Amino acid sequence: MLFRQLEYLVALSRERHFARAAQACHVSQPALSEAVRKLEEELDVPLVLRGRKYEGLTPEGERIVVWAQRILADRDALTSEAGHLRTGLGGRMRIGTVPTASGAVALLTAPFCLAHPLVTVEVMGDLQSQDVLRQLRDFEIDAGITYLHEGLGEQYRTVPLYEERYVLLTGAADAPAHRTAATWAEAARLPLCLLTGAMQGRRVLDELFAEAGVRPSPRVETDSVATLFAHVRTGRWASVVPHTWLHVFGVPHGMRAVPMTGPDRTVPVGLVMNAREPGSVMARALREVAARTDVAAALERLPDD
């Protein structure tokens with residue numbers, strides 16, 4: 001009963017609405033409300049601010065939610081560990097990645113699924129970097145792939161996978177496409193289609209443009225990789241994209257891709273997991289796969305190689 005009450009409280013915190021939380025838990029709204037009320041009685045602290053509608057959690061409720069997330073994550077980890085010892089690793093692994101890491105995650109899930117045939121994998125591939133870390137912190141995913149930086153702190157364990165570098169993607173007829181490289185200053189003068197400013201991948205690009213002393217003014221912004229490639233394909237737009245995307249899409253017909261220079265800085269991308277022990281057995285298994293997979297070398301090979 002306690003686990004169920006904690007699940008309902010976590011769902012309520014996430015959905016911020018009684019009806020949506022009940023739907024997510026596959027119970028009626030009165031059943032969820034009563035379970036949360038009984039949890040308040042058992043703990044002898046108010047958890048929910050109640051009015052005509054859901055008004056949020058109390059300060060005590062916010063603290064209890066953190067404990068609830070930990071307890072539920074430990075329960076799931078214990079169940080997975082027991083199943084692993086009994087019949088081999090099974091269940092569902094959840095991975096969250098930033099969009100630019102789509103090529104890298106496929107290079108890990110293939111050997112992972114081969115090694116663990118009883119596991120299914122769910123990939124959330126359009127998360128912002130801060131969302132990957134938040135979902136790890138809240139035990140909503142087992143592992144993430146995102147940009148590595150010193151500010152990650154001790155609560156995360158990381159495995160470096162590759163260094164992200166960038167190419168200028170243009171229509172084949174565009175002048176810079178006939179060169180073997182393009183500068184950031186040259187790219188800034190082109191009609192650009194880039195990722196939206198809220199995305200970490202775009203913020204990295206803005207930093208590199210700034211190092212070159214220029215500021216891009218994209219006419220089109222998107223959070224979709226497919227939309228970005230579609231705009232470049234029209235011949236009216238150019239873009240700066242991670243080289244890893246070429247591993248997935250190749251260089252489509254009618255386009256050219258040349259390396260960006262001046263500056264030539266790269267950005268580390270890696271596997272990120274919650275450092276709390278014993279942690280997710282899925283994450284440990286994925287870390288073992290990552291340790292023996294040369295993701296960087298694989299990303300250098302285009303699909304036609």
# chains A, B, ... in the order shown; residues from 1 in each chain; ligands from 1

call {"tool": "select_by_dssp", "arguments": {"residues": "segment 5-252 of chain A", "states": "strand (DSSP E)", "output": "PyMOL selection string"}}
result
chain A and resi 48-50+54-57+90-97+118-124+143-147+156-164+166-171+182-183+193-195+220-222+239-242

call {"tool": "write_last_selection", "arguments": {"atoms": "N, CA and C atoms", "output": "compact mmCIF listing (two decimals), in the first residue's frame"}}
result
# COMPACT_ATOMS: atom_id res chain seq x y z
N VAL A 48 -0.33 18.29 0.38
CA VAL A 48 -0.93 18.95 -0.78
C VAL A 48 -1.66 20.21 -0.33
N LEU A 49 -1.47 21.29 -1.09
CA LEU A 49 -2.24 22.51 -0.88
C LEU A 49 -3.58 22.33 -1.58
N ARG A 50 -4.65 22.32 -0.83
CA ARG A 50 -5.96 22.04 -1.39
C ARG A 50 -6.82 23.29 -1.44
N TYR A 54 -6.13 21.78 -7.67
CA TYR A 54 -4.77 21.50 -7.19
C TYR A 54 -3.95 22.79 -7.18
N GLU A 55 -3.36 23.13 -6.05
CA GLU A 55 -2.58 24.35 -5.92
C GLU A 55 -1.11 24.09 -5.66
N GLY A 56 -0.70 22.83 -5.73
CA GLY A 56 0.71 22.51 -5.52
C GLY A 56 0.93 21.69 -4.26
N LEU A 57 2.18 21.34 -4.02
CA LEU A 57 2.55 20.62 -2.81
C LEU A 57 3.00 21.60 -1.74
N GLY A 90 16.26 -8.30 -17.56
CA GLY A 90 15.01 -8.17 -18.30
C GLY A 90 14.28 -6.93 -17.86
N GLY A 91 13.24 -6.59 -18.61
CA GLY A 91 12.47 -5.41 -18.28
C GLY A 91 12.62 -4.33 -19.33
N ARG A 92 12.55 -3.08 -18.90
CA ARG A 92 12.56 -1.94 -19.81
C ARG A 92 13.62 -0.94 -19.38
N MET A 93 14.49 -0.55 -20.28
CA MET A 93 15.49 0.47 -20.00
C MET A 93 15.07 1.78 -20.66
N ARG A 94 15.19 2.88 -19.91
CA ARG A 94 14.78 4.19 -20.41
C ARG A 94 16.03 5.06 -20.58
N ILE A 95 16.22 5.57 -21.78
CA ILE A 95 17.36 6.44 -22.09
C ILE A 95 16.84 7.78 -22.58
N GLY A 96 17.37 8.86 -22.05
CA GLY A 96 17.03 10.19 -22.54
C GLY A 96 18.25 10.82 -23.19
N THR A 97 18.09 11.41 -24.37
CA THR A 97 19.23 11.99 -25.07
C THR A 97 18.87 13.36 -25.64
N LEU A 118 16.28 -9.98 -23.31
CA LEU A 118 15.02 -9.87 -22.60
C LEU A 118 14.65 -8.43 -22.25
N VAL A 119 15.51 -7.49 -22.62
CA VAL A 119 15.28 -6.08 -22.28
C VAL A 119 14.72 -5.34 -23.50
N THR A 120 13.72 -4.51 -23.27
CA THR A 120 13.26 -3.57 -24.29
C THR A 120 13.77 -2.18 -23.91
N VAL A 121 13.99 -1.35 -24.91
CA VAL A 121 14.60 -0.03 -24.70
C VAL A 121 13.64 1.06 -25.16
N GLU A 122 13.47 2.06 -24.32
CA GLU A 122 12.69 3.25 -24.67
C GLU A 122 13.65 4.43 -24.74
N VAL A 123 13.69 5.12 -25.88
CA VAL A 123 14.59 6.25 -26.07
C VAL A 123 13.77 7.53 -26.22
N MET A 124 14.01 8.49 -25.34
CA MET A 124 13.43 9.83 -25.47
C MET A 124 14.51 10.69 -26.12
N ALA A 143 19.43 6.25 -17.82
CA ALA A 143 20.69 6.84 -18.28
C ALA A 143 20.38 7.91 -19.30
N GLY A 144 21.34 8.80 -19.52
CA GLY A 144 21.17 9.86 -20.51
C GLY A 144 22.43 10.02 -21.33
N ILE A 145 22.28 10.63 -22.49
CA ILE A 145 23.43 11.01 -23.32
C ILE A 145 23.29 12.50 -23.57
N THR A 146 24.30 13.25 -23.14
CA THR A 146 24.22 14.70 -23.23
C THR A 146 25.63 15.29 -23.21
N TYR A 147 25.71 16.61 -23.21
CA TYR A 147 27.00 17.30 -23.18
C TYR A 147 27.61 17.18 -21.79
N TYR A 156 26.36 12.75 -10.55
CA TYR A 156 26.28 12.02 -11.80
C TYR A 156 27.60 11.31 -12.09
N ARG A 157 27.49 10.11 -12.65
CA ARG A 157 28.66 9.37 -13.15
C ARG A 157 28.63 9.46 -14.67
N THR A 158 29.79 9.68 -15.28
CA THR A 158 29.83 9.89 -16.73
C THR A 158 30.80 8.93 -17.41
N VAL A 159 30.51 8.64 -18.68
CA VAL A 159 31.39 7.87 -19.55
C VAL A 159 31.53 8.66 -20.85
N PRO A 160 32.68 9.29 -21.13
CA PRO A 160 32.84 10.04 -22.38
C PRO A 160 32.66 9.12 -23.59
N LEU A 161 31.95 9.60 -24.61
CA LEU A 161 31.68 8.81 -25.80
C LEU A 161 32.38 9.35 -27.04
N TYR A 162 32.31 10.66 -27.27
CA TYR A 162 32.93 11.25 -28.46
C TYR A 162 33.00 12.76 -28.30
N GLU A 163 33.76 13.40 -29.19
CA GLU A 163 33.85 14.85 -29.23
C GLU A 163 33.00 15.36 -30.39
N GLU A 164 32.01 16.17 -30.08
CA GLU A 164 31.14 16.70 -31.12
C GLU A 164 31.85 17.83 -31.85
N TYR A 166 31.63 20.15 -35.86
CA TYR A 166 30.54 20.71 -36.65
C TYR A 166 30.89 20.84 -38.12
N VAL A 167 29.85 20.75 -38.95
CA VAL A 167 30.01 20.92 -40.39
C VAL A 167 28.97 21.92 -40.88
N LEU A 168 29.31 22.61 -41.95
CA LEU A 168 28.38 23.51 -42.61
C LEU A 168 27.62 22.70 -43.66
N LEU A 169 26.31 22.69 -43.54
CA LEU A 169 25.45 21.95 -44.47
C LEU A 169 24.76 22.96 -45.37
N THR A 170 24.98 22.83 -46.68
CA THR A 170 24.40 23.77 -47.64
C THR A 170 23.85 23.02 -48.84
N GLY A 171 23.15 23.77 -49.69
CA GLY A 171 22.80 23.23 -50.99
C GLY A 171 24.05 23.08 -51.83
N ALA A 182 34.86 25.66 -44.14
CA ALA A 182 34.18 26.95 -44.06
C ALA A 182 34.42 27.54 -42.68
N THR A 183 34.53 28.84 -42.59
CA THR A 183 34.74 29.51 -41.31
C THR A 183 33.39 29.86 -40.70
N CYS A 193 19.27 28.19 -41.04
CA CYS A 193 18.23 27.48 -40.29
C CYS A 193 18.95 26.73 -39.18
N LEU A 194 18.64 27.06 -37.91
CA LEU A 194 19.35 26.47 -36.77
C LEU A 194 18.35 25.95 -35.74
N LEU A 195 18.89 25.21 -34.77
CA LEU A 195 18.09 24.78 -33.63
C LEU A 195 17.63 26.00 -32.84
N VAL A 220 15.23 30.91 -39.74
CA VAL A 220 14.34 29.82 -39.33
C VAL A 220 14.97 29.10 -38.15
N GLU A 221 14.18 28.80 -37.13
CA GLU A 221 14.64 28.03 -35.98
C GLU A 221 13.68 26.86 -35.77
N THR A 222 14.22 25.74 -35.32
CA THR A 222 13.40 24.55 -35.13
C THR A 222 14.01 23.67 -34.04
N SER A 239 22.88 25.41 -42.82
CA SER A 239 22.84 25.14 -41.39
C SER A 239 24.21 24.66 -40.92
N VAL A 240 24.43 24.78 -39.63
CA VAL A 240 25.62 24.21 -38.99
C VAL A 240 25.13 23.07 -38.11
N VAL A 241 25.62 21.86 -38.38
CA VAL A 241 25.11 20.68 -37.69
C VAL A 241 26.26 19.85 -37.14
N PRO A 242 26.02 19.05 -36.11
CA PRO A 242 27.04 18.13 -35.60
C PRO A 242 27.40 17.09 -36.66

call {"tool": "residues_around", "arguments": {"residues": "Pro59 of chain A", "least_positions_apart": "4", "cutoff": "12 Å", "atoms": "only C-alpha atoms", "output": "list in words"}}
result
Val45, Pro46, Leu47, Val48, Leu49, Arg63, Ile64, Val65 and Val66 of chain A

call {"tool": "closest_residue", "arguments": {"among": "A:Val248, A:Pro99, A:Ala297, A:His253", "to": "Val132 of chain A", "atoms": "only C-alpha atoms"}}
result
A:Pro99

call {"tool": "closest_residue", "arguments": {"among": "A:Arg236, A:Arg137, A:Arg287, A:Arg189", "to": "Gly270 of chain A", "atoms": "only C-alpha atoms"}}
result
A:Arg287

call {"tool": "atom_distance", "arguments": {"atom1": "atom CA of Pro218 of chain A", "atom2": "atom CA of Gly103 of chain A"}}
result
24.9 Å

call {"tool": "select_by_dssp", "arguments": {"residues": "segment 117-255 of chain A", "states": "alpha helix (DSSP H)", "output": "PyMOL selection string"}}
result
chain A and resi 129-137+184-188+200-211+225-233+243-249

call {"tool": "write_last_selection", "arguments": {"atoms": "C-alpha atoms", "output": "mmCIF file, in the first residue's frame"}}
result
data_model
loop_
_atom_site.group_PDB
_atom_site.id
_atom_site.type_symbol
_atom_site.label_atom_id
_atom_site.label_comp_id
_atom_site.auth_asym_id
_atom_site.auth_seq_id
_atom_site.Cartn_x
_atom_site.Cartn_y
_atom_site.Cartn_z
ATOM 1 C CA SER A 129 20.247 18.902 -21.763
ATOM 2 C CA GLN A 130 18.704 20.166 -18.511
ATOM 3 C CA ASP A 131 15.758 17.800 -18.981
ATOM 4 C CA VAL A 132 18.101 14.814 -19.290
ATOM 5 C CA LEU A 133 19.722 15.719 -15.969
ATOM 6 C CA ARG A 134 16.392 16.462 -14.286
ATOM 7 C CA GLN A 135 14.905 13.132 -15.346
ATOM 8 C CA LEU A 136 18.010 11.333 -14.097
ATOM 9 C CA ARG A 137 17.743 13.164 -10.785
ATOM 10 C CA TRP A 184 32.191 30.484 -38.697
ATOM 11 C CA ALA A 185 32.273 34.036 -40.069
ATOM 12 C CA GLU A 186 31.350 32.744 -43.535
ATOM 13 C CA ALA A 187 28.516 30.671 -42.101
ATOM 14 C CA ALA A 188 27.105 33.666 -40.206
ATOM 15 C CA GLN A 200 21.952 23.247 -25.501
ATOM 16 C CA GLY A 201 23.172 22.338 -28.994
ATOM 17 C CA ARG A 202 22.233 25.823 -30.207
ATOM 18 C CA ARG A 203 23.866 27.492 -27.213
ATOM 19 C CA VAL A 204 27.098 25.675 -28.066
ATOM 20 C CA LEU A 205 26.888 26.985 -31.634
ATOM 21 C CA ASP A 206 26.300 30.527 -30.391
ATOM 22 C CA GLU A 207 29.431 30.274 -28.224
ATOM 23 C CA LEU A 208 31.496 29.158 -31.220
ATOM 24 C CA PHE A 209 30.123 31.939 -33.429
ATOM 25 C CA ALA A 210 30.968 34.397 -30.630
ATOM 26 C CA GLU A 211 34.552 33.073 -30.450
ATOM 27 C CA VAL A 225 16.376 17.580 -36.954
ATOM 28 C CA ALA A 226 14.149 16.470 -39.831
ATOM 29 C CA THR A 227 12.788 20.012 -40.271
ATOM 30 C CA LEU A 228 16.296 21.431 -40.339
ATOM 31 C CA PHE A 229 17.438 19.033 -43.083
ATOM 32 C CA ALA A 230 14.229 19.652 -45.036
ATOM 33 C CA HIS A 231 14.887 23.405 -45.102
ATOM 34 C CA VAL A 232 18.469 22.970 -46.291
ATOM 35 C CA ARG A 233 17.265 20.620 -48.996
ATOM 36 C CA HIS A 243 29.078 15.701 -37.688
ATOM 37 C CA THR A 244 27.257 12.866 -35.892
ATOM 38 C CA TRP A 245 24.076 13.640 -37.829
ATOM 39 C CA LEU A 246 25.879 12.726 -41.042
ATOM 40 C CA HIS A 247 26.381 9.245 -39.575
ATOM 41 C CA VAL A 248 22.593 8.911 -39.416
ATOM 42 C CA PHE A 249 21.498 10.767 -42.549
#

call {"tool": "closest_residue", "arguments": {"among": "A:Leu190, A:Ile71, A:Glu40, A:Arg165", "to": "Ala296 of chain A", "atoms": "only C-alpha atoms"}}
result
A:Arg165

call {"tool": "atom_distance", "arguments": {"atom1": "atom CA of Val36 of chain A", "atom2": "atom CA of Gly61 of chain A"}}
result
10.5 Å

call {"tool": "closest_residue", "arguments": {"among": "A:Leu6, A:Ala21, A:Ala275, A:Ala291", "to": "Glu154 of chain A", "atoms": "only C-alpha atoms"}}
result
A:Ala275

call {"tool": "atom_distance", "arguments": {"atom1": "atom CA of Arg284 of chain A", "atom2": "atom CA of Ala77 of chain A"}}
result
10.9 Å

call {"tool": "closest_residue", "arguments": {"among": "A:Leu299, A:Met199, A:Ala181, A:Ala290", "to": "Ala257 of chain A", "atoms": "only C-alpha atoms"}}
result
A:Ala181
